[in-house]
>>> print(open('input_0.cif').read())   # mmCIF, C-alpha atoms
data_run
#
loop_
_atom_site.label_atom_id
_atom_site.label_comp_id
_atom_site.auth_asym_id
_atom_site.auth_seq_id
_atom_site.Cartn_x
_atom_site.Cartn_y
_atom_site.Cartn_z
CA MET A 1306 -57.96 -23.93 23.60
CA THR A 1307 -60.30 -25.17 26.28
CA THR A 1308 -58.70 -26.39 29.44
CA ASP A 1309 -59.99 -29.14 31.63
CA PRO A 1310 -61.30 -27.48 34.78
CA LEU A 1311 -59.95 -30.41 36.74
CA ASP A 1312 -56.42 -29.43 35.70
CA ALA A 1313 -56.36 -27.07 38.60
CA LEU A 1314 -56.89 -29.94 41.00
CA ARG A 1315 -54.14 -32.16 39.70
CA LEU A 1316 -51.09 -32.38 41.86
CA PRO A 1317 -47.73 -33.00 40.25
CA ILE A 1318 -47.33 -36.61 39.21
CA VAL A 1319 -44.46 -37.33 41.52
CA PRO A 1320 -44.21 -39.59 44.55
CA VAL A 1321 -45.50 -37.69 47.52
CA GLU A 1322 -46.05 -38.58 51.11
CA PRO A 1323 -49.65 -38.59 52.29
CA ARG A 1324 -49.87 -35.71 54.73
CA PRO A 1325 -52.67 -33.43 55.91
CA GLU A 1326 -50.99 -30.40 54.31
CA PHE A 1327 -52.09 -31.70 50.95
CA ALA A 1328 -55.70 -31.24 51.89
CA ASP A 1329 -55.01 -27.55 52.39
CA ALA A 1330 -53.19 -27.35 49.11
CA LEU A 1331 -56.09 -29.05 47.38
CA LEU A 1332 -58.58 -26.70 48.96
CA ARG A 1333 -56.59 -23.71 47.74
CA ARG A 1334 -56.55 -25.12 44.24
CA ILE A 1335 -60.28 -25.71 44.33
CA GLU A 1336 -60.87 -22.15 45.50
CA SER A 1337 -58.57 -20.67 42.91
CA ALA A 1338 -60.15 -22.80 40.16
CA GLY A 1339 -63.52 -21.26 40.88
CA GLY A 1340 -62.34 -17.68 40.68
CA GLU A 1341 -61.31 -15.38 37.90
CA PRO A 1342 -57.72 -15.64 36.76
CA ALA A 1343 -56.06 -13.02 38.97
CA GLY A 1344 -54.66 -10.05 37.14
CA GLY A 1345 -54.60 -11.66 33.72
CA GLU A 1346 -51.61 -13.23 32.03
CA PRO A 1347 -48.16 -11.87 32.61
CA ALA A 1348 -47.18 -9.87 29.55
CA GLY A 1349 -45.25 -12.05 27.14
CA GLY A 1350 -43.16 -10.77 24.29
CA GLU A 1351 -39.90 -9.32 25.49
CA PRO A 1352 -37.81 -12.14 26.84
CA ALA A 1353 -36.96 -12.17 30.53
CA GLY A 1354 -37.76 -8.49 30.76
CA GLY A 1355 -40.68 -6.34 31.63
CA GLU A 1356 -42.07 -5.62 35.04
CA PRO A 1357 -44.56 -8.35 35.99
CA ALA A 1358 -47.87 -7.46 37.52
CA GLY A 1359 -47.79 -7.53 41.28
CA GLY A 1360 -49.31 -10.31 43.30
CA GLU A 1361 -47.24 -13.11 41.80
CA PRO A 1362 -45.11 -15.06 44.21
CA VAL A 1363 -41.37 -14.54 44.07
CA THR A 1364 -39.49 -17.79 43.64
CA VAL A 1365 -36.15 -18.55 45.26
CA ARG A 1366 -34.26 -21.82 45.12
CA TYR A 1367 -32.03 -23.02 47.97
CA PHE A 1368 -29.90 -26.14 48.00
CA VAL A 1369 -30.06 -28.27 51.13
CA ASP A 1370 -28.31 -31.47 52.21
CA ASP A 1371 -31.22 -32.81 54.25
CA LEU A 1372 -34.67 -32.12 52.90
CA ALA A 1373 -36.61 -33.11 56.02
CA ALA A 1374 -34.38 -31.03 58.28
CA ALA A 1375 -34.76 -28.02 55.99
CA VAL A 1376 -38.54 -28.32 55.81
CA GLY A 1377 -38.64 -28.62 59.59
CA PHE A 1378 -36.50 -25.52 59.96
CA TYR A 1379 -38.37 -23.26 57.55
CA CYS A 1380 -41.85 -24.43 58.52
CA GLY A 1381 -41.23 -24.94 62.20
CA LEU A 1382 -39.24 -21.80 62.94
CA LEU A 1383 -39.78 -19.26 60.19
CA GLY A 1384 -43.46 -19.50 59.37
CA PHE A 1385 -43.26 -21.21 55.99
CA SER A 1386 -45.93 -23.69 54.99
CA GLU A 1387 -45.30 -26.77 52.95
CA GLU A 1388 -47.05 -26.99 49.62
CA VAL A 1389 -45.38 -29.93 47.93
CA ARG A 1390 -42.80 -32.45 48.98
CA SER A 1391 -41.28 -34.89 46.56
CA ALA A 1392 -38.92 -36.67 48.90
CA PRO A 1393 -36.02 -36.98 48.92
CA ALA A 1394 -35.14 -34.45 46.21
CA PHE A 1395 -37.49 -31.49 46.31
CA ALA A 1396 -39.91 -29.45 48.37
CA MET A 1397 -41.89 -26.28 47.72
CA LEU A 1398 -42.68 -23.97 50.61
CA TYR A 1399 -44.60 -20.72 50.82
CA ARG A 1400 -44.37 -17.75 53.15
CA GLY A 1401 -46.57 -14.90 52.02
CA ASP A 1402 -45.48 -14.03 48.50
CA LEU A 1403 -42.26 -15.95 48.77
CA ARG A 1404 -42.12 -19.39 47.20
CA LEU A 1405 -39.04 -21.24 48.41
CA LEU A 1406 -37.88 -24.27 46.46
CA LEU A 1407 -35.59 -26.66 48.28
CA SER A 1408 -33.46 -28.93 46.13
CA VAL A 1409 -30.96 -31.58 47.17
CA PRO A 1410 -27.61 -31.67 45.35
CA GLY A 1411 -26.94 -34.85 43.42
CA LEU A 1412 -30.57 -35.88 43.13
CA PRO A 1413 -32.84 -35.54 40.08
CA GLY A 1414 -34.22 -32.13 39.24
CA ALA A 1415 -32.34 -28.93 39.94
CA GLY A 1416 -29.85 -30.86 42.06
CA ARG A 1417 -28.32 -32.55 39.04
CA ALA A 1418 -24.70 -31.87 38.17
CA LEU A 1419 -23.94 -29.38 35.42
CA PRO A 1420 -22.56 -30.63 32.10
CA ASP A 1421 -19.04 -29.95 33.38
CA GLY A 1422 -19.69 -32.15 36.41
CA SER A 1423 -19.95 -29.40 39.00
CA LEU A 1424 -22.55 -30.08 41.62
CA PRO A 1425 -24.79 -27.44 43.21
CA ALA A 1426 -24.15 -26.93 46.91
CA PRO A 1427 -25.73 -25.14 49.83
CA GLY A 1428 -24.15 -22.00 51.19
CA GLY A 1429 -22.81 -18.80 49.76
CA TRP A 1430 -23.72 -15.31 50.92
CA ASN A 1431 -26.73 -14.47 48.79
CA ARG A 1432 -29.90 -14.78 50.80
CA ILE A 1433 -33.53 -14.08 51.33
CA ALA A 1434 -34.30 -11.38 53.89
CA LEU A 1435 -37.31 -11.68 56.20
CA GLN A 1436 -38.68 -8.68 58.03
CA VAL A 1437 -39.46 -9.10 61.71
CA THR A 1438 -41.01 -6.66 64.14
CA ASP A 1439 -38.75 -7.33 67.12
CA LEU A 1440 -35.36 -8.57 66.02
CA ALA A 1441 -33.88 -9.04 69.50
CA ALA A 1442 -36.83 -11.13 70.66
CA THR A 1443 -36.84 -13.15 67.46
CA VAL A 1444 -33.15 -13.89 67.78
CA ALA A 1445 -33.56 -14.91 71.42
CA GLU A 1446 -36.37 -17.29 70.49
CA LEU A 1447 -34.43 -18.81 67.66
CA ARG A 1448 -31.34 -19.24 69.83
CA ASP A 1449 -33.50 -21.02 72.38
CA ALA A 1450 -34.64 -23.31 69.59
CA GLY A 1451 -31.02 -24.20 68.94
CA THR A 1452 -30.48 -22.40 65.64
CA ARG A 1453 -27.10 -21.08 64.53
CA PHE A 1454 -26.34 -17.48 63.62
CA ARG A 1455 -23.41 -16.11 61.69
CA GLY A 1456 -22.21 -12.99 63.47
CA GLU A 1457 -24.29 -10.77 65.69
CA ILE A 1458 -26.97 -8.15 65.07
CA ALA A 1459 -25.50 -5.39 62.88
CA ALA A 1460 -26.95 -1.92 62.55
CA GLY A 1461 -26.93 -0.69 58.98
CA VAL A 1462 -28.49 2.26 57.22
CA GLY A 1463 -32.17 2.04 58.03
CA VAL A 1464 -32.24 -1.52 59.35
CA ARG A 1465 -30.78 -3.81 61.96
CA GLN A 1466 -30.04 -7.28 60.74
CA ILE A 1467 -28.57 -10.66 61.53
CA LEU A 1468 -27.68 -13.74 59.55
CA LEU A 1469 -29.42 -16.96 60.51
CA GLN A 1470 -28.18 -20.29 59.16
CA ASP A 1471 -30.42 -23.12 58.09
CA PRO A 1472 -29.35 -26.71 58.89
CA SER A 1473 -27.38 -26.86 55.62
CA GLY A 1474 -25.58 -23.56 56.23
CA ASN A 1475 -27.69 -21.41 53.92
CA LEU A 1476 -28.22 -17.89 55.14
CA VAL A 1477 -31.50 -16.22 55.97
CA GLU A 1478 -31.27 -12.55 56.83
CA LEU A 1479 -33.64 -11.29 59.51
CA PHE A 1480 -34.10 -7.55 59.60
CA GLU A 1481 -35.98 -4.97 61.57
CA PRO A 1482 -36.66 -1.60 59.96
CA GLY A 1483 -35.37 1.43 61.79
CA ALA A 1484 -35.77 5.19 61.48
CA GLY A 1485 -34.15 5.53 58.07
CA TYR A 1486 -36.07 2.67 56.48
CA ARG A 1487 -37.84 3.52 53.26
CA GLU A 1488 -40.45 1.61 51.38
CA ARG A 1489 -40.76 2.13 47.69
CA GLU A 1490 -44.41 3.07 47.93
CA GLN A 1491 -45.67 5.72 50.28
CA ARG A 1492 -48.00 3.73 52.43
CA PRO A 1493 -48.42 2.71 56.03
CA PRO A 1494 -45.88 0.08 57.06
CA SER A 1495 -48.66 -2.32 57.94
CA GLY A 1496 -49.88 -2.35 54.30
CA MET F 93 -45.67 -3.71 45.83
CA THR F 94 -42.41 -5.31 46.80
CA THR F 95 -42.91 -7.92 49.47
CA VAL F 96 -40.02 -10.34 49.13
CA SER F 97 -36.45 -9.25 49.75
CA VAL F 98 -33.38 -10.98 48.39
CA ARG F 99 -29.83 -9.78 48.94
CA TYR F 100 -27.08 -10.50 46.41
CA ILE F 101 -23.42 -9.71 47.01
CA VAL F 102 -21.80 -8.16 43.92
CA ASN F 103 -18.33 -6.84 43.16
CA ASP F 104 -19.55 -3.83 41.18
CA VAL F 105 -22.95 -2.40 42.07
CA GLY F 106 -23.09 -0.18 38.97
CA ALA F 107 -22.45 -3.09 36.61
CA ALA F 108 -25.01 -5.17 38.46
CA ILE F 109 -27.68 -2.46 38.18
CA GLU F 110 -27.05 -2.29 34.47
CA PHE F 111 -27.33 -6.07 34.15
CA TYR F 112 -30.55 -6.47 36.12
CA ARG F 113 -32.18 -3.45 34.54
CA GLY F 114 -31.02 -4.07 31.03
CA HIS F 115 -31.56 -7.81 30.75
CA LEU F 116 -34.09 -8.81 33.37
CA GLY F 117 -36.57 -5.96 33.63
CA PHE F 118 -35.71 -4.64 37.09
CA SER F 119 -36.16 -1.00 37.94
CA GLU F 120 -33.94 1.00 40.25
CA VAL F 121 -35.50 2.08 43.54
CA MET F 122 -32.41 3.71 44.99
CA HIS F 123 -28.64 3.78 44.68
CA PRO F 124 -27.58 6.07 47.49
CA ASP F 125 -24.11 4.63 48.00
CA PRO F 126 -21.54 3.08 45.64
CA ALA F 127 -21.81 -0.13 47.66
CA PHE F 128 -25.60 -0.35 47.84
CA ALA F 129 -28.60 -0.34 45.52
CA MET F 130 -32.17 -1.47 45.75
CA LEU F 131 -34.00 -2.72 42.66
CA SER F 132 -37.46 -4.12 42.22
CA ARG F 133 -39.29 -6.36 39.82
CA GLY F 134 -42.90 -7.16 40.59
CA ASP F 135 -42.98 -8.35 44.19
CA LEU F 136 -39.26 -8.96 44.34
CA ARG F 137 -36.97 -6.43 45.97
CA LEU F 138 -33.39 -7.15 45.04
CA VAL F 139 -30.79 -5.57 47.31
CA LEU F 140 -27.35 -5.38 45.72
CA VAL F 141 -24.39 -4.78 47.98
CA ALA F 142 -20.66 -4.79 47.47
CA PRO F 143 -18.40 -6.09 50.25
CA VAL F 144 -17.48 -3.21 52.55
CA PRO F 145 -15.03 -2.77 55.43
CA ALA F 146 -16.16 -3.40 58.99
CA ASP F 147 -16.51 0.31 59.73
CA HIS F 148 -18.72 1.06 56.72
CA PRO F 149 -22.17 2.42 57.60
CA GLY F 150 -23.90 -0.20 55.44
CA GLY F 151 -24.50 -3.19 57.68
CA GLY F 152 -25.46 -5.82 55.11
CA SER F 153 -22.11 -6.64 53.53
CA ARG F 154 -19.54 -6.11 56.25
CA PRO F 155 -17.17 -8.95 57.11
CA MET F 156 -18.25 -11.30 59.87
CA PRO F 157 -16.84 -10.81 63.37
CA ASP F 158 -14.46 -13.71 62.66
CA GLY F 159 -13.11 -11.88 59.60
CA ARG F 160 -14.88 -13.89 56.91
CA LYS F 161 -15.69 -11.69 53.92
CA GLN F 162 -18.98 -11.81 52.08
CA GLU F 163 -18.64 -12.61 48.41
CA PRO F 164 -20.72 -13.25 45.29
CA GLY F 165 -21.50 -16.70 43.93
CA GLY F 166 -22.91 -19.89 45.29
CA TRP F 167 -25.89 -21.80 43.91
CA ASN F 168 -28.87 -20.37 45.75
CA ARG F 169 -30.80 -18.02 43.51
CA PHE F 170 -34.02 -16.29 42.73
CA MET F 171 -35.99 -17.38 39.70
CA ILE F 172 -37.79 -15.52 36.94
CA GLU F 173 -40.68 -17.03 35.01
CA VAL F 174 -40.61 -16.46 31.28
CA PRO F 175 -43.25 -17.47 28.78
CA ASP F 176 -40.77 -18.77 26.19
CA LEU F 177 -37.49 -19.98 27.65
CA ALA F 178 -35.84 -20.79 24.32
CA ALA F 179 -36.50 -17.30 23.00
CA ALA F 180 -35.37 -15.68 26.24
CA ALA F 181 -32.16 -17.71 26.32
CA GLU F 182 -31.41 -16.89 22.72
CA ALA F 183 -31.89 -13.17 23.28
CA LEU F 184 -29.70 -13.20 26.38
CA ARG F 185 -26.95 -15.12 24.60
CA ARG F 186 -27.08 -12.57 21.82
CA ASP F 187 -26.59 -9.90 24.46
CA GLY F 188 -23.47 -11.66 25.67
CA VAL F 189 -24.91 -12.85 28.98
CA ARG F 190 -23.01 -15.78 30.52
CA PHE F 191 -24.78 -19.10 31.01
CA ARG F 192 -23.87 -21.69 33.60
CA ASN F 193 -25.64 -24.51 31.78
CA ASP F 194 -27.92 -25.25 28.86
CA VAL F 195 -31.68 -25.48 29.08
CA VAL F 196 -32.68 -28.54 31.10
CA THR F 197 -36.12 -30.03 31.52
CA GLY F 198 -36.97 -30.78 35.11
CA ILE F 199 -40.12 -31.78 36.91
CA GLY F 200 -42.68 -29.18 35.95
CA THR F 201 -40.36 -26.65 34.36
CA LYS F 202 -37.70 -26.05 31.77
CA GLN F 203 -34.91 -24.04 33.31
CA VAL F 204 -31.56 -22.46 32.65
CA MET F 205 -29.06 -20.57 34.79
CA ILE F 206 -27.45 -17.31 33.81
CA GLU F 207 -24.83 -15.34 35.72
CA ASP F 208 -24.69 -11.70 36.59
CA PRO F 209 -21.39 -9.85 36.09
CA SER F 210 -20.20 -11.00 39.53
CA GLY F 211 -21.04 -14.64 38.86
CA ASN F 212 -24.25 -14.82 40.87
CA PRO F 213 -26.77 -17.24 39.40
CA VAL F 214 -30.26 -16.32 38.25
CA GLU F 215 -32.58 -19.10 37.13
CA LEU F 216 -35.01 -18.56 34.28
CA PHE F 217 -37.83 -21.04 34.00
CA GLU F 218 -40.79 -21.87 31.81
CA PRO F 219 -43.51 -23.95 33.43
CA THR F 220 -44.42 -27.14 31.64
CA ARG F 221 -47.15 -28.08 34.12
CA PRO F 222 -49.91 -25.82 35.35
CA GLU F 223 -48.88 -26.45 38.95
CA ALA F 224 -45.53 -24.80 38.35
CA ARG F 225 -47.04 -21.54 37.17
CA LEU F 226 -46.72 -18.64 39.54
CA ASP F 227 -50.37 -17.66 39.30
CA ARG F 228 -51.60 -21.05 40.45
CA ARG F 229 -52.18 -19.99 43.99
#
>>> encode(input="input_0.cif", output="structure tokens")
Amino acid sequence: MTTDPLDALRLPIVPVEPRPEFADALLRRIESAGGEPAGGEPAGGEPAGGEPAGGEPVTVRYFVDDLAAAVGFYCGLLGFSEEVRSAPAFAMLYRGDLRLLLSVPGLPGAGRALPDGSLPAPGGWNRIALQVTDLAATVAELRDAGTRFRGEIAAGVGVRQILLQDPSGNLVELFEPGAGYREREQRPPSG
Amino acid sequence: MTTVSVRYIVNDVGAAIEFYRGHLGFSEVMHPDPAFAMLSRGDLRLVLVAPVPADHPGGGSRPMPDGRKQEPGGWNRFMIEVPDLAAAAEALRRDGVRFRNDVVTGIGTKQVMIEDPSGNPVELFEPTRPEARLDRR
């Protein structure tokens, strides 16, 4: 089936606020539309299984009470960039290979209640973990910016880490590799 | 290459390894301690930890200084793209995997939530718009 080359340029048909970030997003789509499809299609077949080819973003969904505050937090303090915002219910942010979806409980989309009426909520202990080069300095900067932490820096096996809270109380783990830290691949840490 | 790290709290690391390997295509990177394992799937590194006492060498799942214990659950989750959500859901149901909801159609994707043995959610999604595909960028 032939696909319309302009498909790549079409943004989601949802109400969006006019902001300069969209120009960047459009440019990226234009660039990617001109190139070869990277790495081919992910292997289909076995459901939910199989190791995908590398280079695909990893998607994580967080629930937040205040979309604007969350976008400000992740983009302003943690180096995320905003790709799509469909206020007030949804935003899509990127940071390297991490795609972070922010959804607001009680609003359309992933924030809808389950069939049994239970409503998604921010919080819990599961979290994304972001590597930093100087944890103490990062924590000091973030404290200066008025962010909240849960607990103090803890030294574990191979890493030192701390739990940062976003404005809705979701956790983001910041970690700094130490002597015992192992990567899966044998390659320079800067790779 | 694993570039994105996610930590899930689980009650039983062994059962969790089996779940993520057996049903979702993760591979085990290491499992050096009963309370800790590292798995990977594409660019996702999934760190599984069981709650440990404050004096345990593993730093990621100790209680907070105020005594609060880390536990599984919540709603935040990582997501896995599948080419055919209906087929994937059917196969997982056949395997006895627990579902938190039925397939719903959202903006750009169809999605469903499953639970690991500790009750942590994992979202499976099938893009229905090209923009929602992971290789769009």
>>> resolve_selection(input="input_0.cif", expression="the PyMOL selection byres ((chain F) within 8 of (chain A))", output="compact mmCIF listing (two decimals) with C-alpha atoms, keeping the file's coordinate frame")
# COMPACT_ATOMS: atom_id res chain seq x y z
CA MET F 93 -45.67 -3.71 45.83
CA THR F 94 -42.41 -5.31 46.80
CA THR F 95 -42.91 -7.92 49.47
CA VAL F 96 -40.02 -10.34 49.13
CA SER F 97 -36.45 -9.25 49.75
CA VAL F 98 -33.38 -10.98 48.39
CA ARG F 99 -29.83 -9.78 48.94
CA TYR F 100 -27.08 -10.50 46.41
CA ILE F 101 -23.42 -9.71 47.01
CA HIS F 115 -31.56 -7.81 30.75
CA LEU F 116 -34.09 -8.81 33.37
CA GLY F 117 -36.57 -5.96 33.63
CA PHE F 118 -35.71 -4.64 37.09
CA VAL F 121 -35.50 2.08 43.54
CA ARG F 133 -39.29 -6.36 39.82
CA GLY F 134 -42.90 -7.16 40.59
CA ASP F 135 -42.98 -8.35 44.19
CA LEU F 136 -39.26 -8.96 44.34
CA PRO F 149 -22.17 2.42 57.60
CA GLY F 150 -23.90 -0.20 55.44
CA GLY F 151 -24.50 -3.19 57.68
CA GLY F 152 -25.46 -5.82 55.11
CA MET F 156 -18.25 -11.30 59.87
CA PRO F 157 -16.84 -10.81 63.37
CA ASP F 158 -14.46 -13.71 62.66
CA GLN F 162 -18.98 -11.81 52.08
CA GLU F 163 -18.64 -12.61 48.41
CA PRO F 164 -20.72 -13.25 45.29
CA GLY F 165 -21.50 -16.70 43.93
CA GLY F 166 -22.91 -19.89 45.29
CA TRP F 167 -25.89 -21.80 43.91
CA ASN F 168 -28.87 -20.37 45.75
CA ARG F 169 -30.80 -18.02 43.51
CA PHE F 170 -34.02 -16.29 42.73
CA MET F 171 -35.99 -17.38 39.70
CA ILE F 172 -37.79 -15.52 36.94
CA GLU F 173 -40.68 -17.03 35.01
CA VAL F 174 -40.61 -16.46 31.28
CA PRO F 175 -43.25 -17.47 28.78
CA ASP F 176 -40.77 -18.77 26.19
CA LEU F 177 -37.49 -19.98 27.65
CA ALA F 179 -36.50 -17.30 23.00
CA ALA F 180 -35.37 -15.68 26.24
CA ALA F 181 -32.16 -17.71 26.32
CA ALA F 183 -31.89 -13.17 23.28
CA ARG F 192 -23.87 -21.69 33.60
CA ASN F 193 -25.64 -24.51 31.78
CA GLY F 198 -36.97 -30.78 35.11
CA ILE F 199 -40.12 -31.78 36.91
CA GLY F 200 -42.68 -29.18 35.95
CA LEU F 216 -35.01 -18.56 34.28
CA ARG F 221 -47.15 -28.08 34.12
CA PRO F 222 -49.91 -25.82 35.35
CA GLU F 223 -48.88 -26.45 38.95
CA LEU F 226 -46.72 -18.64 39.54
CA ASP F 227 -50.37 -17.66 39.30
CA ARG F 228 -51.60 -21.05 40.45
CA ARG F 229 -52.18 -19.99 43.99
>>> atom_distance(input="input_0.cif", atom1="CA of Val1389 (chain A)", atom2="CA of Leu1447 (chain A)")
25.2 Å
>>> atom_distance(input="input_0.cif", atom1="CA of Arg154 (chain F)", atom2="CA of Val141 (chain F)")
9.7 Å
>>> atom_distance(input="input_0.cif", atom1="CA of Pro124 (chain F)", atom2="CA of Ala107 (chain F)")
15.1 Å
>>> resolve_selection(input="input_0.cif", expression="the PyMOL selection byres ((chain F and resi 202) around 8)", output="PyMOL selection string")
chain F and resi 177+195-198+200-201+203-204+217-220
>>> residues_around(input="input_0.cif", residues="Met122 (chain F)", least_positions_apart="2", cutoff="10 Å", atoms="all atoms listed in the file", output="ChimeraX atom specification")
/A:1487,1489 /F:119-120,124-125,128-132,139
>>> resolve_selection(input="input_0.cif", expression="the PyMOL selection byres ((chain A and resi 1371-1382) around 7)", output="ChimeraX atom specification")
/A:1369-1370,1383-1387,1393,1409,1471-1472
>>> residues_around(input="input_0.cif", residues="Gly188 (chain F)", least_positions_apart="2", cutoff="12 Å", atoms="all atoms listed in the file", output="list of chain:residue names")
F:Phe111, F:Gly114, F:His115, F:Ala181, F:Glu182, F:Ala183, F:Leu184, F:Arg185, F:Arg186, F:Arg190, F:Phe191, F:Ile206, F:Glu207, F:Asp208, F:Pro209
>>> axis_aligned_box(input="input_0.cif", around="region 142-147 of chain F", padding_each_side="6 Å", output="lines of an AutoDock Vina configuration file")
center_x = -17.8
center_y = -2.9
center_z = 53.6
size_x = 17.6
size_y = 18.4
size_z = 24.3
>>> closest_residue(input="input_0.cif", among="A:Leu1479, A:Leu1469, A:Ala1450, A:Leu1412", to="Thr1438 (chain A)", atoms="only C-alpha atoms")
A:Leu1479
